[in-house]
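Structure data (mmCIF, C-alpha atoms) from upload.cif:
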```
data_work
#
loop_
_atom_site.label_atom_id
_atom_site.label_comp_id
_atom_site.auth_asym_id
_atom_site.auth_seq_id
_atom_site.Cartn_x
_atom_site.Cartn_y
_atom_site.Cartn_z
CA MET A 1051 50.22 36.85 36.47
CA SER A 1052 46.81 36.02 37.95
CA PHE A 1053 44.96 32.79 37.25
CA SER A 1054 42.07 34.69 35.62
CA THR A 1055 44.51 36.40 33.24
CA VAL A 1056 45.99 33.04 32.24
CA LEU A 1057 42.50 31.70 31.55
CA LYS A 1058 41.66 34.77 29.49
CA ASN A 1059 44.82 34.35 27.41
CA VAL A 1060 44.24 30.63 26.89
CA TYR A 1061 40.67 31.43 25.85
CA THR A 1062 42.10 33.74 23.18
CA PHE A 1063 44.12 30.82 21.83
CA ALA A 1064 41.05 28.58 21.96
CA GLN A 1065 39.18 31.05 19.77
CA ILE A 1066 42.09 31.19 17.33
CA LEU A 1067 42.26 27.39 17.26
CA SER A 1068 38.54 27.21 16.56
CA GLN A 1069 38.89 29.70 13.70
CA SER A 1070 41.80 27.72 12.23
CA CYS A 1071 39.31 25.03 11.14
CA THR A 1072 37.02 27.44 9.30
CA GLU A 1073 36.91 29.64 6.20
CA THR A 1074 38.20 32.51 8.33
CA VAL A 1075 41.79 31.47 7.58
CA LYS A 1076 41.47 32.54 3.95
CA HIS A 1077 41.73 36.11 5.26
CA TRP A 1078 44.84 35.37 7.34
CA ASP A 1079 48.25 36.77 6.40
CA MET A 1080 51.64 35.85 7.85
CA LYS A 1081 51.13 38.32 10.67
CA SER A 1082 47.94 36.48 11.64
CA ILE A 1083 49.65 33.09 11.42
CA ASN A 1084 52.65 34.22 13.46
CA ASN A 1085 50.31 35.73 16.03
CA ALA A 1086 48.43 32.43 16.26
CA PHE A 1087 51.64 30.49 16.84
CA ASN A 1088 52.76 33.04 19.44
CA TRP A 1089 49.59 32.31 21.39
CA ALA A 1090 50.26 28.60 20.96
CA SER A 1091 53.76 29.10 22.34
CA TYR A 1092 52.27 30.95 25.31
CA CYS A 1093 49.98 27.98 26.04
CA GLU A 1094 52.95 25.61 25.94
CA GLN A 1095 54.70 27.80 28.51
CA VAL A 1096 51.58 27.65 30.68
CA TYR A 1097 51.66 23.87 30.42
CA ASP A 1098 55.32 23.73 31.45
CA HIS A 1099 54.51 25.91 34.44
CA VAL A 1100 51.46 24.02 35.76
CA LYS A 1101 52.14 20.36 34.93
CA ASP A 1102 52.41 18.10 37.97
CA LYS A 1103 51.32 20.94 40.24
CA PRO A 1104 48.12 21.30 42.34
CA LEU A 1105 47.02 24.17 40.09
CA CYS A 1106 46.77 21.74 37.17
CA ASP A 1107 43.43 20.21 38.23
CA ASN A 1108 41.77 23.59 38.63
CA LEU A 1109 43.06 24.70 35.23
CA GLU A 1110 41.82 21.46 33.65
CA LYS A 1111 38.29 22.00 34.94
CA ASN A 1112 38.17 25.63 33.81
CA LEU A 1113 39.65 24.85 30.41
CA GLN A 1114 37.06 22.25 29.53
CA GLU A 1115 34.12 24.41 30.57
CA MET A 1116 35.60 27.48 28.91
CA THR A 1117 35.43 25.96 25.42
CA SER A 1118 31.63 25.93 25.60
CA LEU A 1119 31.75 29.74 25.54
CA ILE A 1120 33.59 30.02 22.22
CA THR A 1121 31.71 32.10 19.66
CA PRO A 1122 30.56 30.94 17.19
CA ALA A 1123 29.81 27.64 18.93
CA SER A 1124 32.42 24.97 18.31
CA CYS A 1125 33.02 21.32 19.17
CA LEU A 1126 36.59 22.18 20.12
CA THR A 1127 37.80 20.78 23.45
CA LEU A 1128 40.94 21.76 25.32
CA ASP A 1129 42.66 20.19 28.29
CA VAL A 1130 45.98 20.78 30.03
CA GLU A 1131 47.75 18.09 28.00
CA SER A 1132 46.67 19.70 24.73
CA LEU A 1133 48.21 23.00 25.87
CA GLY A 1134 51.57 21.24 25.82
CA ARG A 1135 51.02 20.45 22.13
CA ALA A 1136 49.37 23.74 21.21
CA SER A 1137 51.68 24.56 18.28
CA GLU A 1138 51.41 21.07 16.85
CA ILE A 1139 47.61 21.06 17.11
CA LEU A 1140 47.36 24.50 15.48
CA GLU A 1141 49.75 23.46 12.74
CA GLU A 1142 47.76 20.31 12.00
CA LYS A 1143 44.48 22.18 11.74
CA LEU A 1144 45.98 24.77 9.38
CA VAL A 1145 47.61 22.13 7.18
CA LEU A 1146 44.29 20.30 6.85
CA ASN A 1147 42.31 23.48 6.14
CA THR A 1148 41.84 23.85 2.39
CA HIS A 1149 40.80 27.49 2.84
CA LEU A 1150 44.33 28.52 3.83
CA LYS A 1151 45.96 30.41 0.96
CA LEU A 1152 48.70 28.44 -0.78
CA GLU A 1153 51.05 31.39 -0.35
CA MET A 1154 50.52 31.39 3.43
CA PHE A 1155 50.85 27.61 3.52
CA GLU A 1156 54.22 27.74 1.74
CA LYS A 1157 55.55 30.52 3.97
CA MET A 1158 54.49 28.62 7.06
CA ILE A 1159 56.34 25.53 5.84
CA LEU A 1160 59.46 27.53 4.98
CA GLN A 1161 59.50 29.05 8.46
CA LYS A 1162 59.28 25.63 10.03
CA SER A 1163 61.97 24.18 7.79
CA ASP A 1164 64.56 26.56 9.25
CA LYS A 1165 64.72 24.35 12.33
CA SER A 1166 65.93 20.77 11.89
CA VAL A 1167 63.62 19.42 14.60
CA GLU A 1168 60.61 21.20 13.14
CA LYS A 1169 61.60 20.08 9.66
CA SER A 1170 61.72 16.44 10.74
CA ARG A 1171 58.36 16.71 12.46
CA MET A 1172 56.79 18.38 9.43
CA ALA A 1173 58.16 15.63 7.18
CA LYS A 1174 56.50 13.01 9.37
CA LYS A 1175 53.30 15.05 9.38
CA PHE A 1176 53.17 15.24 5.58
CA HIS A 1177 53.90 11.52 5.32
CA HIS A 1178 50.98 10.86 7.65
CA LEU A 1179 48.71 13.20 5.69
CA SER A 1180 49.73 11.53 2.45
CA MET A 1181 48.75 8.14 3.86
CA LEU A 1182 45.52 9.67 5.16
CA SER A 1183 44.74 11.12 1.74
CA ASN A 1184 45.23 7.72 0.11
CA THR A 1185 43.00 6.11 2.71
CA VAL A 1186 40.27 8.69 2.10
CA GLU A 1187 40.48 8.03 -1.64
CA ILE A 1188 40.16 4.26 -1.10
CA LEU A 1189 37.22 4.74 1.26
CA GLY A 1190 35.60 7.08 -1.25
CA ASN A 1191 35.86 4.44 -3.96
CA MET A 1192 34.41 1.83 -1.62
CA LYS A 1193 31.53 4.15 -0.73
CA ARG A 1194 30.76 4.76 -4.40
CA GLU A 1195 30.67 1.00 -5.00
CA ILE A 1196 28.36 0.50 -2.03
CA ASP A 1197 26.11 3.38 -3.13
CA GLY A 1198 25.88 1.78 -6.55
CA ASP A 1199 24.63 -1.48 -5.04
CA ASP A 1200 20.84 -1.35 -4.75
CA SER A 1201 20.65 -4.58 -2.77
CA ASP A 1202 20.83 -2.76 0.56
CA LYS A 1203 18.68 0.34 0.97
CA THR A 1204 19.32 0.70 4.69
CA THR A 1205 20.62 4.11 5.66
CA HIS A 1206 23.45 3.80 8.13
CA ILE A 1207 23.98 6.39 10.84
CA PRO A 1208 26.86 8.67 9.78
CA GLN A 1209 29.93 8.59 12.00
CA GLN A 1210 29.62 12.35 12.51
CA SER A 1211 26.36 11.79 14.39
CA TYR A 1212 28.04 9.39 16.82
CA ILE A 1213 30.94 11.79 17.32
CA LEU A 1214 28.65 14.76 17.93
CA TYR A 1215 26.39 12.82 20.30
CA ASN A 1216 29.37 11.63 22.35
CA HIS A 1217 30.70 15.18 22.37
CA PHE A 1218 27.41 16.39 23.84
CA LYS A 1219 27.64 13.68 26.51
CA GLN A 1220 31.18 14.71 27.33
CA GLN A 1221 30.25 18.37 27.59
CA ALA A 1222 27.37 17.50 29.92
CA HIS A 1223 29.97 16.45 32.50
CA ILE A 1224 32.13 19.49 31.88
CA VAL A 1225 29.71 22.43 31.70
CA SER A 1226 28.34 22.90 35.20
CA ARG A 1227 25.51 25.34 34.45
CA THR A 1228 22.47 23.74 32.82
CA GLU A 1229 21.41 26.87 30.96
CA ARG A 1230 24.87 27.34 29.49
CA TYR A 1231 25.00 23.71 28.40
CA ASN A 1232 21.55 23.87 26.78
CA ASN A 1233 22.48 27.01 24.88
CA TYR A 1234 25.74 25.41 23.79
CA VAL A 1235 24.00 22.33 22.34
CA LYS A 1236 21.41 24.43 20.53
CA SER A 1237 24.11 26.73 19.14
CA ILE A 1238 26.00 23.74 17.74
CA LEU A 1239 22.83 22.38 16.15
CA THR A 1240 21.98 25.75 14.62
CA ARG A 1241 25.46 26.21 13.24
CA LEU A 1242 25.49 22.68 11.81
CA SER A 1243 22.10 23.21 10.15
CA GLU A 1244 23.50 26.26 8.37
CA ILE A 1245 26.21 24.19 6.67
CA ASN A 1246 24.00 21.41 5.28
CA GLY A 1247 24.30 19.25 8.37
CA MET A 1248 20.61 18.50 8.91
CA GLY A 1249 21.08 14.83 8.06
CA ILE A 1250 23.68 14.52 10.82
CA ILE A 1251 21.34 16.25 13.28
CA ILE A 1252 18.37 14.01 12.46
CA CYS A 1253 20.51 10.91 12.88
CA LEU A 1254 21.34 12.03 16.43
CA ILE A 1255 17.87 10.73 17.29
CA ALA A 1256 18.81 7.32 15.89
CA VAL A 1257 21.99 7.38 18.00
CA TYR A 1258 19.87 8.17 21.05
CA GLU A 1259 17.59 5.22 20.32
CA GLU A 1260 20.63 2.94 20.17
CA GLN A 1261 21.89 4.31 23.48
CA ARG A 1262 18.45 3.96 25.06
CA ILE A 1263 18.24 0.29 24.12
CA VAL A 1264 21.77 -0.58 25.25
CA LYS A 1265 22.05 1.50 28.42
CA PRO A 1266 19.32 4.08 29.11
CA SER A 1267 20.30 7.06 31.25
CA THR A 1268 18.95 10.42 32.36
CA GLU A 1269 21.86 12.06 30.57
CA ASP A 1270 20.82 10.56 27.22
CA SER A 1271 17.22 11.54 27.84
CA ASN A 1272 18.24 15.16 28.49
CA ILE A 1273 20.31 15.30 25.30
CA TYR A 1274 17.42 13.84 23.33
CA GLN A 1275 14.98 16.40 24.74
CA LEU A 1276 17.33 19.22 23.75
CA ILE A 1277 17.71 17.88 20.21
CA PHE A 1278 14.01 17.21 19.75
CA SER A 1279 12.90 20.57 21.15
CA TRP A 1280 15.31 22.23 18.72
CA LEU A 1281 13.79 20.22 15.85
CA GLN A 1282 10.28 21.17 16.95
CA LEU A 1283 11.20 24.84 16.84
CA LEU A 1284 12.79 24.38 13.43
CA SER A 1285 9.72 22.58 12.07
CA ASN A 1286 7.61 25.58 13.05
CA GLU A 1287 9.97 28.28 11.79
CA ASN A 1288 11.53 26.64 8.74
CA PRO A 1289 9.95 23.24 7.96
CA ILE A 1290 11.55 23.11 4.52
CA MET A 1291 14.93 22.48 6.18
CA LEU A 1292 13.47 19.34 7.70
CA LEU A 1293 11.58 18.18 4.63
CA ASP A 1294 14.57 18.76 2.37
CA ILE A 1295 16.53 15.95 4.04
CA LYS A 1296 16.85 12.69 2.10
CA LYS A 1297 13.65 10.70 2.47
CA ASP A 1298 15.45 7.48 3.39
CA ILE A 1299 17.03 9.25 6.37
CA LEU A 1300 13.69 10.71 7.45
CA CYS A 1301 11.98 7.32 7.20
CA ASN A 1302 14.75 5.41 8.95
CA VAL A 1303 14.65 7.76 11.92
CA ALA A 1304 10.83 7.89 11.90
CA VAL A 1305 10.58 4.08 12.10
CA GLY A 1306 12.59 4.04 15.32
CA ASN A 1307 11.19 7.12 17.02
CA VAL A 1308 7.48 7.89 17.37
CA ASP A 1309 8.09 11.51 18.37
CA PHE A 1310 10.00 12.20 15.19
CA LEU A 1311 7.47 10.29 13.07
CA ASN A 1312 4.68 12.51 14.43
CA LEU A 1313 6.79 15.62 13.86
CA TYR A 1314 7.51 14.57 10.27
CA LEU A 1315 3.85 13.79 9.56
CA GLN A 1316 2.74 17.08 11.10
CA CYS A 1317 5.09 18.95 8.76
CA LEU A 1318 3.52 17.13 5.81
CA ILE A 1319 0.01 17.89 7.08
CA ASN A 1320 0.86 21.58 7.50
CA TRP A 1321 2.26 21.54 3.99
CA GLY A 1322 -0.90 20.00 2.53
CA ASN A 1323 -3.18 22.33 4.48
CA CYS A 1324 -1.46 25.29 2.85
CA MET A 1325 -2.56 24.11 -0.60
CA LYS A 1326 -5.67 25.28 -2.39
CA PRO A 1327 -7.29 24.02 -5.62
CA ASP A 1328 -6.36 25.99 -8.72
CA TYR A 1329 -9.07 26.03 -11.42
CA SER A 1330 -7.36 28.57 -13.67
CA HIS A 1331 -6.33 25.92 -16.22
CA LYS A 1332 -7.56 22.53 -17.30
CA TYR A 1333 -5.46 19.84 -15.71
CA PHE A 1334 -6.07 16.39 -17.16
CA PRO A 1335 -7.60 14.20 -15.81
CA LYS A 1336 -8.77 16.62 -13.07
CA LEU A 1337 -10.25 20.07 -13.46
CA TYR A 1338 -7.92 21.54 -10.86
CA LEU A 1339 -4.44 21.33 -9.38
CA TRP A 1340 -3.40 21.74 -5.75
CA ARG A 1341 -1.11 24.74 -5.35
CA MET A 1342 0.63 26.48 -2.46
CA GLU A 1343 -0.60 29.83 -1.20
CA THR A 1344 2.37 30.54 1.05
CA ASP A 1345 6.12 31.04 0.75
CA TRP A 1346 6.52 27.32 0.05
CA SER A 1347 5.98 28.08 -3.62
CA ASN A 1348 8.67 25.61 -4.69
CA TRP A 1349 6.88 22.75 -2.93
CA ASP A 1350 4.06 21.39 -5.03
CA TYR A 1351 1.57 18.55 -4.72
CA LYS A 1352 3.90 16.16 -6.53
CA HIS A 1353 6.62 16.58 -3.90
CA LEU A 1354 4.12 16.20 -1.07
CA LEU A 1355 2.84 12.97 -2.59
CA GLU A 1356 6.40 11.67 -2.99
CA HIS A 1357 6.95 11.93 0.76
CA PHE A 1358 3.81 9.92 1.49
CA GLN A 1359 4.69 7.38 -1.19
CA TYR A 1360 8.15 6.88 0.25
CA LEU A 1361 6.72 6.41 3.73
CA CYS A 1362 4.26 3.80 2.48
CA GLN A 1363 6.88 1.91 0.48
CA PHE A 1364 9.49 2.06 3.22
CA GLN A 1365 7.76 -0.16 5.76
CA ILE A 1366 4.28 -1.60 6.30
CA TYR A 1367 4.23 -0.04 9.78
CA LEU A 1368 4.60 3.44 8.29
CA LYS A 1369 2.10 2.67 5.55
CA ASN A 1370 -0.57 1.69 8.08
CA ILE A 1371 0.02 4.87 10.08
CA VAL A 1372 -0.15 7.03 6.94
CA PHE A 1373 -3.42 5.49 5.72
CA SER A 1374 -4.97 5.66 9.18
CA GLY A 1375 -3.97 9.30 9.51
CA LEU A 1376 -5.29 10.21 6.07
CA ASN A 1377 -8.66 8.61 6.83
CA LYS A 1378 -8.93 10.76 9.95
CA LEU A 1379 -8.00 13.89 7.98
CA ILE A 1380 -10.58 13.14 5.30
CA GLY A 1381 -13.40 12.46 7.76
CA ASN A 1382 -16.73 13.38 6.18
CA ASP A 1383 -15.22 15.98 3.87
CA CYS A 1384 -16.07 15.19 0.25
CA PHE A 1385 -13.48 17.54 -1.22
CA THR A 1386 -10.10 17.77 0.42
CA ILE A 1387 -6.49 17.43 -0.63
CA TRP A 1388 -6.18 14.40 1.64
CA LYS A 1389 -8.79 12.53 -0.35
CA ASP A 1390 -6.70 13.06 -3.48
CA VAL A 1391 -3.54 12.00 -1.65
CA MET A 1392 -5.29 8.82 -0.50
CA LYS A 1393 -6.54 8.03 -4.02
CA ASP A 1394 -3.11 8.60 -5.54
CA LEU A 1395 -1.45 6.43 -2.91
CA GLN A 1396 -3.98 3.65 -3.43
CA ARG A 1397 -3.51 3.89 -7.19
CA ARG A 1398 0.24 3.73 -6.73
CA HIS A 1399 -0.12 0.74 -4.42
CA TYR A 1400 -2.13 -1.21 -7.00
CA LEU A 1401 0.33 -0.31 -9.75
CA ASP A 1402 3.22 -1.58 -7.62
CA LYS A 1403 1.37 -4.82 -6.89
CA GLY A 1404 0.59 -5.26 -10.56
#
```
If you took the structure in this file and wrote it as structure tokens, what would it be?
Amino acid sequence: MSFSTVLKNVYTFAQILSQSCTETVKHWDMKSINNAFNWASYCEQVYDHVKDKPLCDNLEKNLQEMTSLITPASCLTLDVESLGRASEILEEKLVLNTHLKLEMFEKMILQKSDKSVEKSRMAKKFHHLSMLSNTVEILGNMKREIDGDDSDKTTHIPQQSYILYNHFKQQAHIVSRTERYNNYVKSILTRLSEINGMGIIICLIAVYEEQRIVKPSTEDSNIYQLIFSWLQLLSNENPIMLLDIKKDILCNVAVGNVDFLNLYLQCLINWGNCMKPDYSHKYFPKLYLWRMETDWSNWDYKHLLEHFQYLCQFQIYLKNIVFSGLNKLIGNDCFTIWKDVMKDLQRRHYLDKG
């Protein structure tokens, strides 16, 4: 069998392994599961054939780059050593996937229990998962206690952001073609944004700032440029996805990164510029109300003001930038939304001081 055929077959398993972590498995039947484990068995045979041989290094290099081609984009990584544990890795991902039908889960366990070795390994696996479940529950309780404590309002960078950032750094060494790597990173970001992962994406900028302070590198700079260019495109095409992130996350990242602060403020400015005064009803104490004239119909003046208020309350540095920017926007214009925003912020400031 040719080397290219082996790679093609292993790629098939990589796709199956990637799917085993997703909702796709809810459509799997026993035929699908058996087929997946057959491919895993094939990979284990490949491992037995190539280990400790010159061919191993070439396979390792191709395997790692190959995973960047998986569609849809995935953070899955494969190396030669993992091929030797293909069945175990697949099994673990399926056991942890809550989308797998209970019926399929039970049948899979029954099949494994026919072999004493497999049965022993599965018992250890379930013991480990049981301990993991208890740990998650304890951590969840701790998190709820911490969230209930208002003494510390600092938003910490989620661990997922560190993991994803390090994954991007790892892939930069693996994927040889720049264009392929860039497309891979953007595909991951797009996919993550579609499953409510915008907070994780934004915090990648905070991770970059940490890396830049500790040990700046061209590699980190390239990753940052990819992430930020993706965010710029998003802010133009779908700014609501950006503005819908928790304000404490937005402000924390904005404090540490001028580029993101300017991007955030520009989104708010674009939002305000889309509003027009509505005189159709009497609005006390004003004779008008600022309303949207675009598809952002769910975003009103109150929500816009909340963003500016949060920025001003978050840190004096941000407050000074906001007030300076608003003064420039107002200019010599006697009637503008920014004049009302400024007045409301000043009123809020005096109320807070009082």
Could you state the separation of CA of Ile1251 in chain A and CA of Cys1301 in chain A in Å, given to one decimal place? 14.3 Å
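Rounded to one decimal, CA of Ser1054 in chain A and CA of Cys1093 in chain A lie 14.1 Å from each other.
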Take the PyMOL selection byres ((chain A and resi 1209-1222) around 6), run it mentally on this structure, and tell me the resulting residues as a list in words. Pro1208, His1223, Ile1224, Val1225, Ile1250 and Leu1254 of chain A
Any chance you can output those residues with C-alpha atoms as an mmCIF file, in the coordinates of the input?
```cif
data_model
loop_
_atom_site.group_PDB
_atom_site.id
_atom_site.type_symbol
_atom_site.label_atom_id
_atom_site.label_comp_id
_atom_site.auth_asym_id
_atom_site.auth_seq_id
_atom_site.Cartn_x
_atom_site.Cartn_y
_atom_site.Cartn_z
ATOM 1 C CA PRO A 1208 26.860 8.670 9.780
ATOM 2 C CA HIS A 1223 29.970 16.450 32.500
ATOM 3 C CA ILE A 1224 32.130 19.490 31.880
ATOM 4 C CA VAL A 1225 29.710 22.430 31.700
ATOM 5 C CA ILE A 1250 23.680 14.520 10.820
ATOM 6 C CA LEU A 1254 21.340 12.030 16.430
#
```
For a quick check of understanding, using only C-alpha atoms, which of A:Met1158, A:Val1100, A:Leu1144, A:Ile1120 has the smallest distance to Met1080 in chain A?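 Counting only C-alpha atoms, the residue closest to Met1080 in chain A is A:Met1158.
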Using the chain letters and numbers from this file, what does the PyMOL selection byres ((chain A and resi 1286) around 12) select? Give the answer as a list of chain:residue names.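 Given this file, the PyMOL selection byres ((chain A and resi 1286) around 12) evaluates to A:Ser1279, A:Trp1280, A:Leu1281, A:Gln1282, A:Leu1283, A:Leu1284, A:Ser1285, A:Glu1287, A:Asn1288, A:Pro1289, A:Ile1290, A:Met1291, A:Leu1292, A:Leu1293, A:Leu1313, A:Tyr1314, A:Gln1316, A:Cys1317, A:Leu1318, A:Asn1320, A:Trp1321.
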Got a sec: who's within 12 Å of Asn1302 in chain A, counting all atoms listed in the file, leaving out chain neighbours fewer than 3 positions off, as a ChimeraX atom specification? /A:1203-1207,1249,1252-1257,1259,1295-1299,1305-1308,1310-1311,1314,1360-1361,1364-1365,1367-1368
Same residues, C-alpha atoms, saved as a tab-separated table (two decimals), keeping the file's coordinate frame:
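Output (selection_1.tsv):
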```tsv
chain	number	residue	atom	x	y	z
A	1203	LYS	CA	18.68	0.34	0.97
A	1204	THR	CA	19.32	0.70	4.69
A	1205	THR	CA	20.62	4.11	5.66
A	1206	HIS	CA	23.45	3.80	8.13
A	1207	ILE	CA	23.98	6.39	10.84
A	1249	GLY	CA	21.08	14.83	8.06
A	1252	ILE	CA	18.37	14.01	12.46
A	1253	CYS	CA	20.51	10.91	12.88
A	1254	LEU	CA	21.34	12.03	16.43
A	1255	ILE	CA	17.87	10.73	17.29
A	1256	ALA	CA	18.81	7.32	15.89
A	1257	VAL	CA	21.99	7.38	18.00
A	1259	GLU	CA	17.59	5.22	20.32
A	1295	ILE	CA	16.53	15.95	4.04
A	1296	LYS	CA	16.85	12.69	2.10
A	1297	LYS	CA	13.65	10.70	2.47
A	1298	ASP	CA	15.45	7.48	3.39
A	1299	ILE	CA	17.03	9.25	6.37
A	1305	VAL	CA	10.58	4.08	12.10
A	1306	GLY	CA	12.59	4.04	15.32
A	1307	ASN	CA	11.19	7.12	17.02
A	1308	VAL	CA	7.48	7.89	17.37
A	1310	PHE	CA	10.00	12.20	15.19
A	1311	LEU	CA	7.47	10.29	13.07
A	1314	TYR	CA	7.51	14.57	10.27
A	1360	TYR	CA	8.15	6.88	0.25
A	1361	LEU	CA	6.72	6.41	3.73
A	1364	PHE	CA	9.49	2.06	3.22
A	1365	GLN	CA	7.76	-0.16	5.76
A	1367	TYR	CA	4.23	-0.04	9.78
A	1368	LEU	CA	4.60	3.44	8.29
```
